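J.: Structure: upload.cif, mmCIF, C-alpha atoms.
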data_run
#
loop_
_atom_site.group_PDB
_atom_site.id
_atom_site.type_symbol
_atom_site.label_atom_id
_atom_site.label_comp_id
_atom_site.auth_asym_id
_atom_site.auth_seq_id
_atom_site.Cartn_x
_atom_site.Cartn_y
_atom_site.Cartn_z
ATOM 1 C CA MET A 1 0.000 0.000 0.000
ATOM 2 C CA ARG A 2 1.367 3.439 -0.930
ATOM 3 C CA PRO A 3 1.797 5.880 1.996
ATOM 4 C CA PHE A 4 -0.675 8.709 2.326
ATOM 5 C CA ILE A 5 0.919 12.119 1.578
ATOM 6 C CA LEU A 6 -0.715 15.459 2.361
ATOM 7 C CA PRO A 7 -0.896 18.146 -0.364
ATOM 8 C CA LYS A 8 2.134 20.221 -1.305
ATOM 9 C CA GLY A 9 2.909 23.213 0.855
ATOM 10 C CA ASN A 10 2.690 21.188 4.097
ATOM 11 C CA PRO A 11 5.489 19.213 5.766
ATOM 12 C CA VAL A 12 5.483 15.622 4.513
ATOM 13 C CA HIS A 13 3.193 13.402 6.557
ATOM 14 C CA ARG A 14 3.001 9.667 5.935
ATOM 15 C CA ILE A 15 0.778 6.941 7.272
ATOM 16 C CA HIS A 16 2.717 3.671 7.176
ATOM 17 C CA GLY A 17 -0.141 1.447 6.055
ATOM 18 C CA THR A 18 -3.494 1.094 7.792
ATOM 19 C CA GLN A 19 -2.986 -2.198 9.617
ATOM 20 C CA ALA A 20 -1.974 -2.139 13.271
ATOM 21 C CA ARG A 21 1.010 -4.252 14.218
ATOM 22 C CA LYS A 22 1.936 -5.798 17.519
ATOM 23 C CA GLY A 23 5.029 -4.454 19.157
ATOM 24 C CA LEU A 24 6.931 -3.830 22.358
ATOM 25 C CA VAL A 25 6.930 -0.466 24.118
ATOM 26 C CA PHE A 26 9.836 0.032 26.524
ATOM 27 C CA ILE A 27 10.192 3.331 28.417
ATOM 28 C CA PRO A 28 13.158 3.909 30.768
ATOM 29 C CA ASP A 29 12.414 6.904 32.990
ATOM 30 C CA MET A 30 14.296 8.765 35.734
ATOM 31 C CA SER A 31 12.773 8.986 39.206
ATOM 32 C CA GLY A 32 13.708 12.265 40.910
ATOM 33 C CA PHE A 33 14.027 14.329 37.739
ATOM 34 C CA THR A 34 11.711 17.128 38.910
ATOM 35 C CA THR A 35 13.862 17.618 42.018
ATOM 36 C CA LEU A 36 16.966 17.747 39.830
ATOM 37 C CA VAL A 37 15.474 20.521 37.701
ATOM 38 C CA ARG A 38 14.377 22.522 40.741
ATOM 39 C CA SER A 39 17.598 22.162 42.740
ATOM 40 C CA THR A 40 20.332 22.295 40.085
ATOM 41 C CA ASP A 41 21.492 25.223 37.981
ATOM 42 C CA LEU A 42 20.433 25.176 34.340
ATOM 43 C CA MET A 43 23.812 24.333 32.782
ATOM 44 C CA ALA A 44 24.673 21.532 35.203
ATOM 45 C CA GLY A 45 21.170 20.081 34.941
ATOM 46 C CA GLN A 46 21.371 19.990 31.150
ATOM 47 C CA ILE A 47 24.729 18.196 31.197
ATOM 48 C CA ILE A 48 23.599 15.668 33.800
ATOM 49 C CA THR A 49 20.374 14.910 31.910
ATOM 50 C CA CYS A 50 22.163 14.627 28.566
ATOM 51 C CA GLU A 51 24.829 12.268 29.945
ATOM 52 C CA LEU A 52 22.284 9.996 31.617
ATOM 53 C CA LEU A 53 20.023 9.827 28.565
ATOM 54 C CA ALA A 54 23.084 9.042 26.431
ATOM 55 C CA VAL A 55 24.010 5.948 28.456
ATOM 56 C CA ILE A 56 20.412 4.711 28.206
ATOM 57 C CA LEU A 57 20.542 5.058 24.404
ATOM 58 C CA GLN A 58 23.981 3.436 24.236
ATOM 59 C CA HIS A 59 22.794 0.314 26.085
ATOM 60 C CA ASN A 60 19.887 -0.562 23.809
ATOM 61 C CA MET A 61 20.668 -4.285 23.645
ATOM 62 C CA LEU A 62 17.345 -5.265 22.046
ATOM 63 C CA GLY A 63 17.863 -3.098 18.956
ATOM 64 C CA MET A 64 14.772 -1.011 19.645
ATOM 65 C CA GLU A 65 13.765 2.106 17.706
ATOM 66 C CA VAL A 66 13.390 5.478 19.429
ATOM 67 C CA ALA A 67 10.010 7.151 18.976
ATOM 68 C CA GLU A 68 10.842 10.152 21.120
ATOM 69 C CA ILE A 69 12.809 11.477 24.083
ATOM 70 C CA GLU A 70 10.586 13.237 26.593
ATOM 71 C CA GLY A 71 12.636 15.167 29.142
ATOM 72 C CA ASP A 72 13.752 12.365 31.454
ATOM 73 C CA ALA A 73 12.408 9.363 29.517
ATOM 74 C CA VAL A 74 13.197 7.512 26.281
ATOM 75 C CA PHE A 75 10.281 5.978 24.365
ATOM 76 C CA PHE A 76 11.639 2.814 22.718
ATOM 77 C CA TYR A 77 9.594 0.465 20.564
ATOM 78 C CA LYS A 78 10.137 -2.670 18.499
ATOM 79 C CA TRP A 79 7.876 -4.608 16.139
ATOM 80 C CA GLU A 80 8.234 -8.195 17.325
ATOM 81 C CA GLU A 81 6.630 -11.167 18.973
ATOM 82 C CA ILE A 82 6.490 -11.057 22.746
ATOM 83 C CA PRO A 83 10.069 -11.107 24.094
ATOM 84 C CA ASP A 84 10.927 -13.379 26.990
ATOM 85 C CA MET A 85 11.329 -12.126 30.526
ATOM 86 C CA GLU A 86 15.029 -12.900 30.616
ATOM 87 C CA ALA A 87 15.640 -10.549 27.675
ATOM 88 C CA LEU A 88 13.567 -7.743 29.231
ATOM 89 C CA TYR A 89 15.297 -8.167 32.571
ATOM 90 C CA ALA A 90 18.768 -8.190 30.993
ATOM 91 C CA GLN A 91 17.906 -5.078 28.987
ATOM 92 C CA PHE A 92 16.876 -3.102 32.036
ATOM 93 C CA GLU A 93 19.741 -4.411 34.142
ATOM 94 C CA ALA A 94 22.261 -3.245 31.516
ATOM 95 C CA MET A 95 20.690 0.209 31.351
ATOM 96 C CA LYS A 96 20.492 0.546 35.137
ATOM 97 C CA THR A 97 24.088 -0.573 35.700
ATOM 98 C CA ALA A 98 25.324 1.969 33.145
ATOM 99 C CA PHE A 99 22.996 4.648 34.544
ATOM 100 C CA ASP A 100 24.200 4.139 38.127
ATOM 101 C CA GLY A 101 27.832 4.165 37.034
ATOM 102 C CA LYS A 102 27.422 7.416 35.105
ATOM 103 C CA LEU A 103 25.464 8.899 38.011
ATOM 104 C CA ARG A 104 28.386 8.326 40.387
ATOM 105 C CA GLU A 105 30.752 9.946 37.868
ATOM 106 C CA LEU A 106 28.507 12.996 37.600
ATOM 107 C CA GLU A 107 28.172 13.293 41.371
ATOM 108 C CA ALA A 108 31.973 13.447 41.632
ATOM 109 C CA GLN A 109 32.264 15.855 38.685
ATOM 110 C CA PHE A 110 29.739 18.377 40.021
ATOM 111 C CA GLY A 111 30.149 17.773 43.761
ATOM 112 C CA LEU A 112 26.453 16.948 44.073
ATOM 113 C CA GLN A 113 24.375 14.245 45.717
ATOM 114 C CA LEU A 114 21.985 13.253 42.933
ATOM 115 C CA ASP A 115 18.849 11.456 44.109
ATOM 116 C CA LEU A 116 18.093 9.920 40.704
ATOM 117 C CA HIS A 117 16.977 6.369 40.009
ATOM 118 C CA LEU A 118 16.036 4.453 36.880
ATOM 119 C CA LYS A 119 12.761 2.648 36.298
ATOM 120 C CA ALA A 120 11.233 1.201 33.126
ATOM 121 C CA ILE A 121 7.814 0.304 31.741
ATOM 122 C CA ALA A 122 7.413 -2.654 29.369
ATOM 123 C CA HIS A 123 4.073 -2.940 27.539
ATOM 124 C CA TYR A 124 2.882 -4.763 24.421
ATOM 125 C CA GLY A 125 0.051 -4.514 21.938
ATOM 126 C CA ASP A 126 -1.339 -3.137 18.699
ATOM 127 C CA MET A 127 0.159 0.089 17.383
ATOM 128 C CA ALA A 128 0.322 1.993 14.115
ATOM 129 C CA GLU A 129 3.157 4.168 12.850
ATOM 130 C CA PHE A 130 3.141 7.501 11.031
ATOM 131 C CA SER A 131 5.720 10.186 10.319
ATOM 132 C CA VAL A 132 5.605 13.956 10.676
ATOM 133 C CA GLY A 133 8.482 15.469 8.752
ATOM 134 C CA ALA A 134 11.602 13.601 9.885
ATOM 135 C CA TYR A 135 9.939 12.196 12.999
ATOM 136 C CA ASN A 136 8.301 8.782 13.382
ATOM 137 C CA LYS A 137 5.358 8.615 15.772
ATOM 138 C CA LEU A 138 3.268 5.800 17.195
ATOM 139 C CA TYR A 139 -0.483 5.715 17.590
ATOM 140 C CA GLY A 140 -2.646 3.386 19.633
ATOM 141 C CA GLU A 141 -4.173 2.653 22.997
ATOM 142 C CA VAL A 142 -1.066 0.772 24.094
ATOM 143 C CA VAL A 143 0.955 3.985 23.610
ATOM 144 C CA VAL A 144 -1.404 5.994 25.848
ATOM 145 C CA GLU A 145 -1.414 3.226 28.457
ATOM 146 C CA ALA A 146 2.394 3.029 28.563
ATOM 147 C CA HIS A 147 2.633 6.763 29.237
ATOM 148 C CA ARG A 148 0.018 6.574 31.988
ATOM 149 C CA LEU A 149 1.789 3.637 33.627
ATOM 150 C CA LEU A 150 4.763 5.881 34.359
ATOM 151 C CA LYS A 151 2.535 7.442 37.051
ATOM 152 C CA ASN A 152 1.775 4.388 39.160
ATOM 153 C CA ASN A 153 1.639 3.351 42.800
ATOM 154 C CA VAL A 154 4.714 1.111 42.868
ATOM 155 C CA PRO A 155 6.341 1.740 46.287
ATOM 156 C CA ALA A 156 9.897 2.065 44.947
ATOM 157 C CA ARG A 157 12.093 4.339 42.857
ATOM 158 C CA SER A 158 13.920 1.759 40.750
ATOM 159 C CA TYR A 159 12.050 -1.132 39.168
ATOM 160 C CA LEU A 160 11.076 -2.898 35.960
ATOM 161 C CA LEU A 161 7.308 -2.897 35.390
ATOM 162 C CA VAL A 162 5.963 -5.518 32.965
ATOM 163 C CA THR A 163 2.268 -5.456 32.062
ATOM 164 C CA ASP A 164 0.040 -8.500 31.735
ATOM 165 C CA ALA A 165 -0.002 -7.893 27.969
ATOM 166 C CA LEU A 166 3.409 -9.597 28.154
ATOM 167 C CA GLN A 167 1.863 -12.522 30.051
ATOM 168 C CA PRO A 168 3.666 -15.271 28.062
ATOM 169 C CA ALA A 169 6.959 -13.733 29.189
ATOM 170 C CA LEU A 170 5.780 -13.741 32.794
ATOM 171 C CA THR A 171 4.798 -17.424 32.931
ATOM 172 C CA GLY A 172 8.382 -18.533 33.580
ATOM 173 C CA ASN A 173 10.407 -17.976 36.717
ATOM 174 C CA LEU A 174 11.101 -14.346 37.497
ATOM 175 C CA PRO A 175 14.801 -13.479 37.703
ATOM 176 C CA ILE A 176 14.753 -12.383 41.366
ATOM 177 C CA ALA A 177 12.676 -14.522 43.697
ATOM 178 C CA GLY A 178 10.954 -12.469 46.369
ATOM 179 C CA ARG A 179 11.661 -9.151 44.638
ATOM 180 C CA SER A 180 8.539 -9.029 42.478
ATOM 181 C CA SER A 181 4.933 -8.096 43.174
ATOM 182 C CA GLN A 182 1.727 -7.598 41.219
ATOM 183 C CA LEU A 183 -0.714 -4.676 41.062
ATOM 184 C CA CYS A 184 -3.818 -3.693 39.126
ATOM 185 C CA GLU A 185 -4.697 -0.015 38.721
ATOM 186 C CA LEU A 186 -7.595 1.778 37.081
ATOM 187 C CA TYR A 187 -6.680 4.908 35.126
ATOM 188 C CA GLY A 188 -9.336 7.435 34.132
ATOM 189 C CA GLY A 189 -10.638 6.728 30.643
ATOM 190 C CA LEU A 190 -8.561 3.556 30.297
ATOM 191 C CA ARG A 191 -9.133 -0.078 31.109
ATOM 192 C CA ASN A 192 -7.898 -1.688 34.307
ATOM 193 C CA LEU A 193 -4.167 -2.317 33.868
ATOM 194 C CA CYS A 194 -2.423 -5.145 35.700
ATOM 195 C CA PHE A 195 1.328 -5.554 35.906
ATOM 196 C CA THR A 196 4.226 -7.230 37.664
ATOM 197 C CA TYR A 197 7.092 -5.128 38.966
ATOM 198 C CA ILE A 198 10.586 -6.252 39.938
ATOM 199 C CA LEU A 199 12.456 -4.130 42.459
ATOM 200 C CA PHE A 200 15.977 -3.027 41.653
ATOM 201 C CA GLU A 201 16.787 -1.281 44.909
ATOM 202 C CA CYS A 202 16.947 -2.246 48.560
ATOM 203 C CA LEU A 203 13.937 -1.492 50.699
ATOM 204 C CA GLN A 204 15.898 0.778 53.081
ATOM 205 C CA PRO A 205 15.310 4.484 52.240
ATOM 206 C CA ALA A 206 19.042 5.247 52.125
ATOM 207 C CA ALA A 207 19.797 2.555 49.555
ATOM 208 C CA GLN A 208 20.502 3.752 46.038
ATOM 209 C CA HIS A 209 21.874 0.747 44.196
ATOM 210 C CA PHE A 210 21.390 -2.999 43.864
ATOM 211 C CA CYS A 211 20.763 -5.137 46.939
#
Can you dump the structure from the file as structure tokens?
T.:
Amino acid sequence: MRPFILPKGNPVHRIHGTQARKGLVFIPDMSGFTTLVRSTDLMAGQIITCELLAVILQHNMLGMEVAEIEGDAVFFYKWEEIPDMEALYAQFEAMKTAFDGKLRELEAQFGLQLDLHLKAIAHYGDMAEFSVGAYNKLYGEVVVEAHRLLKNNVPARSYLLVTDALQPALTGNLPIAGRSSQLCELYGGLRNLCFTYILFECLQPAAQHFC
């Protein structure tokens, strides 16, 4: 099917077919970013944010595409069958290890105590793709749900959240026994969303890294 193109005189817009495809949405996001912006001068905050986003992008082991970068979060996606839990866990672990290492470097560089932690949302479902100028965008309920899931009631700052849409991946043994829990939450205008989350920090308030 040929892509739809708007009339001349407008930026080029294309709809990549009309059929939805199933794909993975994976969003790493920084906990504590608002505090960083409020408490750090503009130049230092920009450098810190840029460096931390860069290590997330550099450790994209699953070969995912980037739909957008939204302040403190990277919206990754990949058209594929449901990945297994081991692959999702390894992906987040690699990003978190690199993130924590870079964070310690930046704390030493700027003489700051940075209360930043990495979390990630993994969701799966039907999406469609379109482009606006040079930018690719995704459309679909799963996209809206993934964004809303970033604002959840998980009682931790660093975790991997995997929705029940990835249920086949969750049927095996979870990588860390005793470090996972399940929740269901109802978001306004959306269906009830259930998910499993795996903690990546100790339960003590002072802890910042792996247990």
J.: If the box runs along x, y and z of the file and leaves 8 Å on each side of segment 31-47 of chain A, what are its centre and edge lengths in Å, one decimal, as JSON?
T.:
{"center_x": 18.2, "center_y": 17.1, "center_z": 36.9, "size_x": 29.0, "size_y": 32.2, "size_z": 27.6}
J.: List, as a VMD selection string, every residue that the PyMOL selection byres ((chain A and resi 196) around 12) selects in the file provided.
T.: chain A and resid 85 120 to 123 149 152 154 159 to 167 169 to 171 174 179 to 185 193 to 195 197 to 199
J.: Got time to write the residues from that selection, C-alpha atoms, as a tab-separated table (two decimals), in the frame of the given file?
T.:
chain	number	residue	atom	x	y	z
A	85	MET	CA	11.33	-12.13	30.53
A	120	ALA	CA	11.23	1.20	33.13
A	121	ILE	CA	7.81	0.30	31.74
A	122	ALA	CA	7.41	-2.65	29.37
A	123	HIS	CA	4.07	-2.94	27.54
A	149	LEU	CA	1.79	3.64	33.63
A	152	ASN	CA	1.78	4.39	39.16
A	154	VAL	CA	4.71	1.11	42.87
A	159	TYR	CA	12.05	-1.13	39.17
A	160	LEU	CA	11.08	-2.90	35.96
A	161	LEU	CA	7.31	-2.90	35.39
A	162	VAL	CA	5.96	-5.52	32.97
A	163	THR	CA	2.27	-5.46	32.06
A	164	ASP	CA	0.04	-8.50	31.74
A	165	ALA	CA	0.00	-7.89	27.97
A	166	LEU	CA	3.41	-9.60	28.15
A	167	GLN	CA	1.86	-12.52	30.05
A	169	ALA	CA	6.96	-13.73	29.19
A	170	LEU	CA	5.78	-13.74	32.79
A	171	THR	CA	4.80	-17.42	32.93
A	174	LEU	CA	11.10	-14.35	37.50
A	179	ARG	CA	11.66	-9.15	44.64
A	180	SER	CA	8.54	-9.03	42.48
A	181	SER	CA	4.93	-8.10	43.17
A	182	GLN	CA	1.73	-7.60	41.22
A	183	LEU	CA	-0.71	-4.68	41.06
A	184	CYS	CA	-3.82	-3.69	39.13
A	185	GLU	CA	-4.70	-0.02	38.72
A	193	LEU	CA	-4.17	-2.32	33.87
A	194	CYS	CA	-2.42	-5.14	35.70
A	195	PHE	CA	1.33	-5.55	35.91
A	197	TYR	CA	7.09	-5.13	38.97
A	198	ILE	CA	10.59	-6.25	39.94
A	199	LEU	CA	12.46	-4.13	42.46
J.: Can you tell me, as number ranges by chain, what residues are no more than 7 Å from Val66 of chain A when counting only C-alpha atoms, ignoring any on the same chain fewer than 3 positions away?
T.: A: 75-77
J.: Could you list, as a list in words, every residue within 10 Å of Asp72 of chain A, counting only C-alpha atoms and ignoring same-chain residues fewer than 6 positions away?
T.: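 The filter keeps Pro28, Asp29, Met30, Ser31, Gly32, Phe33, Thr34, Thr49, Cys50, Leu52, Leu53 and Leu118 of chain A.
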J.: Output C-alpha atoms for every residue in the selection just made, as a CSV table (one decimal), keeping the file's coordinate frame.
T.:
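For reference, selection21.csv as written:
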chain,number,residue,atom,x,y,z
A,28,PRO,CA,13.2,3.9,30.8
A,29,ASP,CA,12.4,6.9,33.0
A,30,MET,CA,14.3,8.8,35.7
A,31,SER,CA,12.8,9.0,39.2
A,32,GLY,CA,13.7,12.3,40.9
A,33,PHE,CA,14.0,14.3,37.7
A,34,THR,CA,11.7,17.1,38.9
A,49,THR,CA,20.4,14.9,31.9
A,50,CYS,CA,22.2,14.6,28.6
A,52,LEU,CA,22.3,10.0,31.6
A,53,LEU,CA,20.0,9.8,28.6
A,118,LEU,CA,16.0,4.5,36.9
J.: Run the PyMOL selection byres ((chain A and resi 101-117) around 10) against the file shown and list the residues it catches, as a ChimeraX atom specification.
T.: /A:29-36,39-40,44,47-49,51-52,54-55,95-100,118-119,156-159,200-201,208-209
J.: In Å, rounded to a single decimal, give me how far atom CA of Gln58 of chain A is from atom CA of Ala20 of chain A.
T.: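 Between these atoms lies a distance of 28.7 Å.
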J.: Using atom CA of Val143 of chain A and atom CA of Asn60 of chain A as the two end points, give the distance in Å to one decimal.
T.: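 Result for atom CA of Val143 of chain A versus atom CA of Asn60 of chain A: 19.5 Å, one decimal.
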J.: Which protein, DNA or RNA residues are at most 8 Å from (5.3, -3.3, 17.0) in the file's coordinates when you count only C-alpha atoms, listed as a list of chain:residue names?
T.: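 I get A:Arg21, A:Lys22, A:Gly23, A:Leu24, A:Val25, A:Tyr77, A:Lys78, A:Trp79, A:Glu80, A:Tyr124, A:Gly125, A:Asp126, A:Met127, A:Ala128 for the residues within 8 Å of that point.
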J.: With distances taken over all atoms listed in the file, which residue among A:Gln91, A:Asp41, A:Gly140, A:Gln19 lies nearest Gly63 of chain A?
T.: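 Among A:Gln91, A:Asp41, A:Gly140, A:Gln19, it is A:Gln91 that comes nearest to Gly63 of chain A.
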J.: What is the atom CA of Arg148 of chain A-atom CA of Ile27 of chain A distance in Å, reported with one decimal?
T.: 11.3 Å
J.: Counting all atoms listed in the file, which of A:Phe130, A:Phe26, A:Lys137, A:Glu68 gets nearest to Tyr89 of chain A?
T.: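 Closest to Tyr89 of chain A, using all atoms listed in the file: A:Phe26.
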J.: Using all atoms listed in the file, find the one residue out of A:Phe92, A:Asn192, A:Arg38, A:Val74 that sits nearest to Glu145 of chain A.
T.: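 Result for the nearest residue to Glu145 of chain A: A:Asn192.
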